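Colleague: work_11.txt is the file, holding compact mmCIF, C-alpha atoms and all ligand atoms:
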# COMPACT_ATOMS: atom_id res chain seq x y z
CA MET R 5 0.00 0.00 0.00
CA LYS R 6 0.99 3.61 -0.45
CA ALA R 7 2.14 5.40 2.72
CA ALA R 8 4.01 8.48 3.96
CA ILE R 9 7.23 7.05 5.37
CA ILE R 10 10.64 7.93 6.71
CA LYS R 11 13.53 5.62 5.86
CA ASP R 12 15.68 6.82 8.77
CA TYR R 13 15.65 9.38 11.59
CA ALA R 14 15.91 13.02 10.53
CA THR R 15 15.06 12.38 6.90
CA ASP R 16 12.31 13.74 4.66
CA VAL R 17 8.85 12.23 4.71
CA VAL R 18 8.31 10.56 1.33
CA ILE R 19 5.61 8.49 -0.31
CA GLY R 20 6.58 4.83 -0.62
CA ASP R 21 5.17 1.30 -0.76
CA VAL R 22 4.89 -0.76 2.43
CA ASP R 23 3.03 -3.91 3.48
CA THR R 24 -0.59 -3.54 4.55
CA PRO R 25 -0.80 -4.09 8.34
CA LYS R 26 -1.63 -7.65 9.40
CA LEU R 27 -5.03 -7.99 11.07
CA ASN R 28 -5.00 -9.06 14.75
CA ALA R 29 -7.90 -10.74 16.55
CA ASP R 30 -8.56 -7.66 18.73
CA SER R 31 -8.29 -5.17 15.86
CA VAL R 32 -9.88 -3.89 12.67
CA LEU R 33 -8.37 -2.82 9.37
CA VAL R 34 -9.50 0.57 8.18
CA GLU R 35 -9.33 2.16 4.76
CA VAL R 36 -7.94 5.54 5.74
CA HIS R 37 -9.88 8.55 4.46
CA ALA R 38 -8.02 11.21 6.46
CA ALA R 39 -5.21 11.61 8.95
CA SER R 40 -3.91 14.53 10.95
CA LEU R 41 -0.46 15.68 12.01
CA ASN R 42 0.81 16.24 15.54
CA PRO R 43 4.05 17.75 16.90
CA ILE R 44 5.01 14.26 18.19
CA ASP R 45 5.35 13.12 14.55
CA ASN R 46 8.28 15.45 13.98
CA ILE R 47 9.76 14.66 17.42
CA VAL R 48 9.76 10.90 16.67
CA ARG R 49 11.02 11.59 13.15
CA ALA R 50 13.95 13.63 14.48
CA GLY R 51 14.94 10.68 16.69
CA TYR R 52 14.58 12.62 19.97
CA LEU R 53 12.53 9.77 21.47
CA LYS R 54 14.71 6.90 20.19
CA ASP R 55 14.99 5.38 23.68
CA MET R 56 11.35 5.83 24.74
CA ILE R 57 9.70 5.11 21.37
CA PRO R 58 12.06 3.02 19.22
CA VAL R 59 10.78 2.64 15.66
CA SER R 60 11.82 0.44 12.76
CA PHE R 61 12.21 1.62 9.17
CA PRO R 62 10.49 2.26 6.89
CA PHE R 63 8.34 3.95 9.55
CA VAL R 64 4.86 5.01 8.53
CA MET R 65 4.08 8.48 9.88
CA GLY R 66 0.86 9.65 11.50
CA TYR R 67 -1.03 8.97 14.75
CA ASP R 68 -4.57 10.17 13.98
CA VAL R 69 -6.90 8.33 11.65
CA SER R 70 -10.45 8.45 10.31
CA GLY R 71 -11.72 5.85 7.86
CA ILE R 72 -13.98 2.93 7.04
CA VAL R 73 -13.64 -0.56 8.54
CA THR R 74 -12.78 -3.10 5.81
CA GLU R 75 -11.98 -6.16 7.95
CA THR R 76 -12.60 -7.17 11.56
CA GLY R 77 -10.54 -9.48 13.79
CA ALA R 78 -12.06 -12.64 15.27
CA ASP R 79 -12.62 -11.09 18.73
CA VAL R 80 -14.12 -7.80 17.52
CA THR R 81 -17.78 -7.37 18.55
CA LYS R 82 -18.61 -3.66 18.61
CA VAL R 83 -17.90 -2.58 15.02
CA LYS R 84 -18.52 -4.13 11.62
CA VAL R 85 -17.25 -3.79 8.07
CA GLY R 86 -18.48 -0.50 6.60
CA ASP R 87 -18.53 1.44 9.91
CA ALA R 88 -16.86 4.85 9.91
CA VAL R 89 -14.42 5.08 12.82
CA HIS R 90 -11.63 7.29 14.11
CA ALA R 91 -8.80 6.75 16.58
CA ARG R 92 -5.41 7.59 18.00
CA PRO R 93 -3.94 4.08 17.85
CA ASN R 94 -1.13 2.89 20.15
CA GLN R 95 2.51 3.04 19.05
CA ASP R 96 2.54 -0.48 17.54
CA ASP R 97 -0.38 0.48 15.31
CA ALA R 98 0.94 3.95 14.45
CA GLY R 99 0.99 4.81 10.76
CA SER R 100 -2.20 6.61 9.77
CA LEU R 101 -0.69 8.30 6.71
CA ALA R 102 -1.30 5.21 4.62
CA GLU R 103 -4.04 3.61 2.57
CA PHE R 104 -4.83 1.18 5.42
CA ALA R 105 -4.34 1.24 9.18
CA ARG R 106 -4.85 -1.32 11.94
CA ILE R 107 -6.72 -0.17 15.04
CA LYS R 108 -7.52 -2.06 18.26
CA GLU R 109 -11.24 -2.20 18.93
CA ASN R 110 -10.83 -0.61 22.37
CA GLU R 111 -8.89 2.32 20.90
CA LEU R 112 -11.46 3.39 18.29
CA ALA R 113 -14.77 5.22 18.37
CA LEU R 114 -17.47 5.53 15.75
CA LYS R 115 -16.88 8.70 13.73
CA PRO R 116 -19.27 11.47 14.81
CA GLU R 117 -21.95 11.64 12.12
CA SER R 118 -22.02 15.42 12.07
CA ILE R 119 -18.42 15.86 10.87
CA SER R 120 -16.30 14.84 7.88
CA HIS R 121 -13.45 12.32 7.92
CA ALA R 122 -10.98 15.21 7.79
CA GLU R 123 -12.55 16.79 10.86
CA ALA R 124 -12.79 13.40 12.61
CA ALA R 125 -9.08 12.79 11.98
CA SER R 126 -8.31 16.10 13.70
CA ILE R 127 -9.81 15.00 17.01
CA PRO R 128 -8.31 11.86 18.63
CA LEU R 129 -4.77 12.68 19.79
CA ALA R 130 -5.36 16.35 20.60
CA GLY R 131 -8.84 15.76 22.01
CA LEU R 132 -7.80 12.85 24.23
CA THR R 133 -4.82 14.87 25.47
CA ALA R 134 -7.06 17.81 26.40
CA TRP R 135 -9.60 15.49 28.03
CA GLN R 136 -7.01 13.55 30.02
CA ALA R 137 -5.33 16.78 31.19
CA LEU R 138 -8.49 18.57 32.29
CA VAL R 139 -10.71 15.69 33.42
CA ASP R 140 -8.34 12.89 34.55
CA LYS R 141 -5.36 14.88 35.84
CA ALA R 142 -6.77 18.28 36.90
CA ASP R 143 -10.27 17.08 37.82
CA LEU R 144 -11.51 20.47 36.59
CA LYS R 145 -14.87 21.50 38.07
CA ALA R 146 -17.56 24.02 37.19
CA GLY R 147 -16.72 27.45 38.57
CA GLN R 148 -12.96 26.83 38.74
CA LYS R 149 -10.49 29.00 36.86
CA VAL R 150 -8.15 27.44 34.31
CA LEU R 151 -5.32 28.99 32.29
CA ILE R 152 -4.81 27.13 29.01
CA HIS R 153 -1.60 27.97 27.19
CA ALA R 154 -1.48 28.00 23.37
CA GLY R 155 -5.27 28.08 23.11
CA SER R 156 -5.10 28.36 19.32
CA GLY R 157 -3.19 25.09 18.80
CA GLY R 158 -4.46 21.60 18.10
CA VAL R 159 -4.73 20.71 21.78
CA GLY R 160 -5.63 24.21 22.99
CA THR R 161 -8.66 24.73 20.72
CA LEU R 162 -10.23 21.53 22.05
CA ALA R 163 -9.12 22.16 25.65
CA ILE R 164 -10.88 25.55 25.73
CA GLN R 165 -14.13 23.98 24.53
CA ILE R 166 -13.94 21.05 26.97
CA ALA R 167 -13.17 23.41 29.87
CA LYS R 168 -16.13 25.64 28.96
CA HIS R 169 -18.39 22.59 28.73
CA ILE R 170 -17.29 21.63 32.25
CA GLY R 171 -18.29 25.14 33.33
CA ALA R 172 -14.87 26.58 34.12
CA HIS R 173 -13.68 30.18 33.66
CA VAL R 174 -11.05 30.02 30.91
CA ALA R 175 -8.07 32.28 30.30
CA THR R 176 -5.81 31.44 27.37
CA THR R 177 -2.60 32.63 25.76
CA THR R 178 -2.21 33.10 22.02
CA SER R 179 -1.13 35.87 19.67
CA ALA R 180 -3.44 38.74 18.71
CA ARG R 181 -4.32 37.31 15.31
CA ASN R 182 -6.06 34.36 17.01
CA ALA R 183 -7.91 36.35 19.70
CA ASP R 184 -11.30 36.27 17.95
CA LEU R 185 -11.01 32.54 17.28
CA VAL R 186 -10.28 31.56 20.88
CA ARG R 187 -13.05 33.88 22.12
CA SER R 188 -15.45 32.18 19.72
CA LEU R 189 -14.45 28.83 21.28
CA GLY R 190 -15.44 30.20 24.69
CA ALA R 191 -12.29 31.74 26.20
CA ASP R 192 -13.25 34.36 28.80
CA GLU R 193 -9.85 36.06 28.91
CA VAL R 194 -7.39 36.20 26.03
CA ILE R 195 -3.78 37.09 26.71
CA ASP R 196 -1.52 38.07 23.81
CA TYR R 197 1.73 36.30 24.70
CA LYS R 198 3.69 38.58 22.39
CA THR R 199 2.80 41.81 24.23
CA GLU R 200 1.62 40.77 27.69
CA ARG R 201 2.89 38.62 30.55
CA PHE R 202 0.13 36.27 31.66
CA GLU R 203 1.32 36.31 35.28
CA ASN R 204 0.56 40.05 35.44
CA ILE R 205 -3.03 39.39 34.34
CA VAL R 206 -4.24 36.19 36.02
CA SER R 207 -3.77 34.99 39.61
CA ASP R 208 -5.32 32.59 42.11
CA TYR R 209 -6.17 30.05 39.42
CA ASP R 210 -7.17 26.48 40.19
CA VAL R 211 -5.57 24.87 37.13
CA VAL R 212 -2.92 25.63 34.51
CA PHE R 213 -2.75 23.43 31.42
CA ASP R 214 0.72 23.92 29.97
CA MET R 215 1.93 22.74 26.59
CA MET R 216 4.91 25.05 26.15
CA GLY R 217 7.30 23.95 28.94
CA ASP R 218 10.48 25.90 29.82
CA ASP R 219 10.07 29.49 30.99
CA ILE R 220 6.32 29.58 30.30
CA MET R 221 5.77 26.56 32.50
CA ALA R 222 8.06 27.92 35.23
CA ARG R 223 6.19 31.26 35.31
CA SER R 224 2.85 29.44 35.41
CA PHE R 225 3.32 28.06 38.94
CA GLY R 226 2.90 31.59 40.31
CA VAL R 227 -0.62 32.08 38.92
CA LEU R 228 -2.02 29.11 40.88
CA LYS R 229 -3.75 29.34 44.24
CA LYS R 230 -2.35 27.14 47.03
CA GLY R 231 -3.31 23.53 46.33
CA GLY R 232 -3.90 24.27 42.64
CA ILE R 233 -2.50 22.05 39.92
CA LEU R 234 -0.25 22.58 36.93
CA VAL R 235 -0.69 19.87 34.32
CA SER R 236 2.00 19.93 31.65
CA ILE R 237 2.29 17.86 28.50
CA LYS R 238 5.67 19.42 27.73
CA GLY R 239 7.93 20.18 30.69
CA GLN R 240 9.22 18.50 33.84
CA ASP R 241 9.36 20.27 37.21
CA THR R 242 13.09 19.71 37.70
CA ASP R 243 13.43 22.66 40.12
CA ASN R 244 10.65 21.51 42.48
CA LEU R 245 8.69 24.68 41.77
CA ALA R 246 5.42 22.97 42.68
CA GLU R 247 6.62 22.40 46.24
CA LYS R 248 7.95 25.96 46.51
CA HIS R 249 4.55 27.33 45.44
CA GLY R 250 2.46 24.89 47.48
CA VAL R 251 0.78 23.48 44.37
CA ARG R 252 0.65 20.14 42.57
CA PHE R 253 2.36 19.22 39.32
CA GLU R 254 1.62 16.47 36.81
CA TRP R 255 3.30 15.67 33.51
CA PHE R 256 1.82 12.94 31.37
CA LEU R 257 1.87 11.30 27.96
CA MET R 258 -1.59 10.91 26.49
CA SER R 259 -2.88 7.41 25.94
CA PRO R 260 -5.32 5.95 23.41
CA SER R 261 -8.89 5.37 24.62
CA GLY R 262 -11.90 4.52 22.51
CA GLU R 263 -14.16 5.08 25.49
CA GLN R 264 -13.01 8.63 26.21
CA LEU R 265 -13.02 9.43 22.50
CA SER R 266 -16.69 8.36 22.37
CA GLN R 267 -17.49 10.74 25.24
CA LEU R 268 -15.82 13.59 23.39
CA ASP R 269 -17.61 12.57 20.17
CA ALA R 270 -20.96 12.89 21.92
CA LEU R 271 -20.10 16.55 22.60
CA ILE R 272 -19.15 17.00 18.95
CA ASP R 273 -22.44 15.58 17.69
CA LYS R 274 -24.29 17.92 20.11
CA GLY R 275 -22.36 20.88 18.65
CA VAL R 276 -20.71 21.61 22.02
CA VAL R 277 -17.19 20.92 20.70
CA LYS R 278 -16.17 21.89 17.17
CA PRO R 279 -13.05 20.76 15.30
CA VAL R 280 -10.75 23.57 14.24
CA ILE R 281 -8.84 22.90 11.02
CA ASP R 282 -5.79 24.97 10.12
CA SER R 283 -5.26 23.52 6.67
CA SER R 284 -5.78 20.43 4.56
CA TYR R 285 -3.17 18.73 2.35
CA LYS R 286 -3.15 15.91 -0.18
CA LEU R 287 -1.01 12.89 0.70
CA ALA R 288 1.27 13.76 -2.22
CA ASP R 289 2.03 17.10 -0.51
CA ILE R 290 2.94 15.50 2.83
CA SER R 291 6.36 17.14 2.97
CA ALA R 292 4.77 20.62 2.81
CA ALA R 293 2.26 19.58 5.48
CA TYR R 294 5.12 18.63 7.84
CA ASP R 295 6.90 21.91 7.10
CA LYS R 296 3.74 23.73 8.13
CA LEU R 297 3.60 21.71 11.37
CA ALA R 298 7.26 22.43 12.13
CA ASP R 299 6.53 26.16 11.86
CA GLY R 300 4.64 25.84 15.19
CA HIS R 301 1.89 28.35 14.41
CA ALA R 302 -0.94 26.20 13.11
CA VAL R 303 -4.38 27.38 14.19
CA GLY R 304 -6.09 24.12 15.12
CA LYS R 305 -5.11 21.00 13.24
CA ILE R 306 -3.33 20.17 9.98
CA VAL R 307 -5.19 17.38 8.20
CA VAL R 308 -4.29 15.17 5.26
CA ALA R 309 -6.80 13.72 2.81
CA VAL R 310 -5.55 10.17 2.20
CA LYS R 311 -8.36 8.71 0.08
N1 LIG L 401 2.50 14.78 26.41
C1 LIG L 401 1.57 14.51 25.48
O1 LIG L 401 0.92 13.47 25.53
C2 LIG L 401 1.30 15.52 24.39
C3 LIG L 401 0.16 15.33 23.60
C4 LIG L 401 -0.13 16.30 22.62
C5 LIG L 401 0.72 17.40 22.45
N2 LIG L 401 1.84 17.51 23.23
C6 LIG L 401 2.73 18.67 23.07
O2 LIG L 401 1.95 19.83 23.32
C7 LIG L 401 2.39 20.90 22.50
C8 LIG L 401 1.20 21.51 21.79
O3 LIG L 401 0.65 20.58 20.86
P1 LIG L 401 -0.36 21.11 19.74
O4 LIG L 401 -0.72 19.96 18.89
O5 LIG L 401 -1.43 21.91 20.37
O6 LIG L 401 0.64 22.08 18.93
P2 LIG L 401 0.34 23.10 17.77
O7 LIG L 401 -1.04 22.89 17.25
O8 LIG L 401 1.46 23.01 16.80
O9 LIG L 401 0.41 24.53 18.51
C9 LIG L 401 0.48 25.65 17.71
C10 LIG L 401 -0.10 26.85 18.46
O10 LIG L 401 0.77 27.22 19.52
C11 LIG L 401 0.65 28.63 19.69
N3 LIG L 401 1.84 29.15 20.36
C12 LIG L 401 3.12 29.09 19.91
N4 LIG L 401 3.94 29.69 20.80
C13 LIG L 401 3.15 30.12 21.82
C14 LIG L 401 3.40 30.80 23.06
N5 LIG L 401 4.64 31.17 23.42
N6 LIG L 401 2.35 31.06 23.87
C15 LIG L 401 1.09 30.70 23.53
N7 LIG L 401 0.78 30.07 22.37
C16 LIG L 401 1.81 29.78 21.54
C17 LIG L 401 0.53 29.14 18.28
O11 LIG L 401 -0.16 30.39 18.30
P3 LIG L 401 0.45 31.64 17.45
O12 LIG L 401 0.42 31.22 16.02
O13 LIG L 401 -0.49 32.72 17.80
O14 LIG L 401 1.85 31.83 17.95
C18 LIG L 401 -0.24 28.05 17.55
O15 LIG L 401 -1.62 28.32 17.36
C19 LIG L 401 3.47 20.32 21.59
O16 LIG L 401 4.72 20.63 22.14
C20 LIG L 401 3.23 18.82 21.65
O17 LIG L 401 4.40 18.09 21.42
C21 LIG L 401 2.15 16.59 24.19
Write out the structure in this file as structure tokens.
Modeller:
Amino acid sequence: MKAAIIKDYATDVVIGDVDTPKLNADSVLVEVHAASLNPIDNIVRAGYLKDMIPVSFPFVMGYDVSGIVTETGADVTKVKVGDAVHARPNQDDAGSLAEFARIKENELALKPESISHAEAASIPLAGLTAWQALVDKADLKAGQKVLIHAGSGGVGTLAIQIAKHIGAHVATTTSARNADLVRSLGADEVIDYKTERFENIVSDYDVVFDMMGDDIMARSFGVLKKGGILVSIKGQDTDNLAEKHGVRFEWFLMSPSGEQLSQLDALIDKGVVKPVIDSSYKLADISAAYDKLADGHAVGKIVVAVK
């Protein structure tokens, strides 16, 4: 099958021929209609995670998939051939930028009927990350205040909408050109990170959701109230800043979950959460799509039409 592959670390993403994934009993094969890109793709590609996530070559790129089930494994009971599904599959099943992908039944959800495959491909990794940060890690509650960094990014656009659905007061950082967008997603306070320092504007917050790390993460501890929590998907608290500020700190790597994805999908079909698409590319233009991702200023998600 045709796929977007790398033949070694730190090389260009090219279109090549690879074997179709072998069906497992607990999995389905999906004809991929759309995929989306995530910063992790370029991190794995660069070889920065060689020890944590070793890959073999040719490595098929892409972690987010939306498509149609073409075959089901012997133990699969919840989906059938012809169903439209989407997922962020585990590392062994990574490789959504291909004509076919294998997905474990417990890692997929039926595609929300109200959105296209391209939109459905934009949701799993970023949406599960936002959900796991705000619901599982921060236990965000109605009436609490949350600062969400990079509210205009793939994770941030979904995190703002999930936090508003929970009933939280949301402040977010982005640049001025995205202020109207993040307000339209529900942000109550928009802070232009290029001209303002967020710690001069917000204080006594219950939760910070950080995806920038470094200095931004370090400065974020000071906006929390005592006992508050900073959840980061980027940085580690190597200087014990959480203890110094009397707050909690959690870093985590998102994990696949068909069940949580279904809960998020229900909000999508109700119109509570809307996908935000930065741009759409053809598979043949995959190299340009990854250049756009590397630029770090996508507004929402970069999607790729595979079929
Ligand atoms: N640990 C995990 O499981 C996990 C999971 C998902 C993502 N991540 C990480 O989380 C980060 C975000 O992922 P993503 O998919 O949301 O990335 P993304 O879509 O590429 O984020 C791009 C957005 O970031 C904004 N931005 C850039 N610099 C900023 C700053 N200094 N302050 C505020 N906003 C800024 C940009 O806004 P402007 O254009 O206005 O600058 C842009 O809209 C990445 O580093 C990714 O690797 C980790």
Colleague: Could you please determine the separation between atom C5 of ligand LIG 401 (chain L) and atom CA of R:Lys26 in Å, to one decimal place?
Modeller: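 Here the two named atoms are 28.3 Å from each other.
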Colleague: Can you pull out every residue with an atom within 7 Å of ligand LIG 401 (chain L)? Use all atoms listed in the file and format it as a PyMOL selection string.
Modeller: chain R and resi 42-44+129-130+133+153-160+177-182+197+215-216+237-238+256-258+297+300-305
Colleague: Taking 2 positions as the minimum chain separation for residues in the same chain, which residues sit within 9 Å of stretch 90-101 of chain R when counting only C-alpha atoms? Answer as number ranges by chain.
Modeller: R: 6-9, 25, 36, 38-40, 57, 59, 63-72, 88, 103-108, 111-116, 121, 124-125, 127-129, 132, 259-262, 265, 287, 290, 308, 310
Colleague: Measuring between all atoms listed in the file, which one of R:Val194, R:Gln165, R:Arg201, R:Val89 shows the shortest distance to R:Ala122?
Modeller: R:Val89
Colleague: Restricting the calculation to only C-alpha atoms: of R:Ala167, R:Ile195, R:Ala288, R:Leu245, which residue gets closest to R:Asp219?
Modeller: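 Using only C-alpha atoms, the shortest distance to R:Asp219 belongs to R:Leu245.
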Colleague: Looking at all atoms listed in the file, which of R:Ser118, R:Asn110, R:Thr176, R:Ser291 is the one that sits closest to R:Gln264?
Modeller: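 Ranking R:Ser118, R:Asn110, R:Thr176, R:Ser291 by distance to R:Gln264, first place goes to R:Asn110.
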Colleague: Taking 3 positions as the minimum chain separation for residues in the same chain, which residues sit within 8 Å of R:Leu189 when counting only C-alpha atoms? Answer as a PyMOL selection string.
Modeller: chain R and resi 161+164-165+185-186
Colleague: Can I get the selected residues back with C-alpha atoms, as a compact mmCIF listing (two decimals), keeping the file's coordinate frame?
Modeller:
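This went into again-v8.txt:
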# COMPACT_ATOMS: atom_id res chain seq x y z
CA THR R 161 -8.66 24.73 20.72
CA ILE R 164 -10.88 25.55 25.73
CA GLN R 165 -14.13 23.98 24.53
CA LEU R 185 -11.01 32.54 17.28
CA VAL R 186 -10.28 31.56 20.88
Colleague: Could you state the separation of atom CA of R:His169 and atom CA of R:Leu151 in Å, given to one decimal place?
Modeller: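 Separation of atom CA of R:His169 and atom CA of R:Leu151: 15.0 Å.
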Colleague: What does the distance from atom CA of R:Ile205 to atom CA of R:Gln148 come to in Å, to one decimal?
Modeller: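 Separating atom CA of R:Ile205 from atom CA of R:Gln148 is a distance of 16.6 Å.
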Colleague: Using all atoms listed in the file - which residues lie no farther than 6 Å from the point (-14.8, -6.6, 11.3) in the file's frame? Write them as a compact mmCIF listing (two decimals) with C-alpha atoms, in the coordinates of the input.
Modeller:
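Dumped to point_39.txt:
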# COMPACT_ATOMS: atom_id res chain seq x y z
CA VAL R 32 -9.88 -3.89 12.67
CA GLU R 75 -11.98 -6.16 7.95
CA THR R 76 -12.60 -7.17 11.56
CA GLY R 77 -10.54 -9.48 13.79
CA LYS R 84 -18.52 -4.13 11.62
CA VAL R 85 -17.25 -3.79 8.07
Colleague: Which residue is closest to R:Val206? Choose from R:Ile220, R:Ile19, R:Ala175, R:Ala246 and count all atoms listed in the file.
Modeller: R:Ala175
Colleague: Tell me which of R:Ala14, R:Val307, R:Val212, R:Ile281 sits closest to R:Phe253, counting all atoms listed in the file.
Modeller: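 When distances to R:Phe253 are compared using all atoms listed in the file, the smallest one comes from R:Val212.
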Colleague: Might I get the box with edges along x, y and z of the file that holds all atoms of stretch 187-192 of chain R listed there, padded by 6 Å on every side, given as centre and edge lengths in Å to one decimal, as AutoDock Vina command-line options?
Modeller:
--center_x -13.9 --center_y 31.6 --center_z 24.3 --size_x 15.2 --size_y 17.5 --size_z 21.1
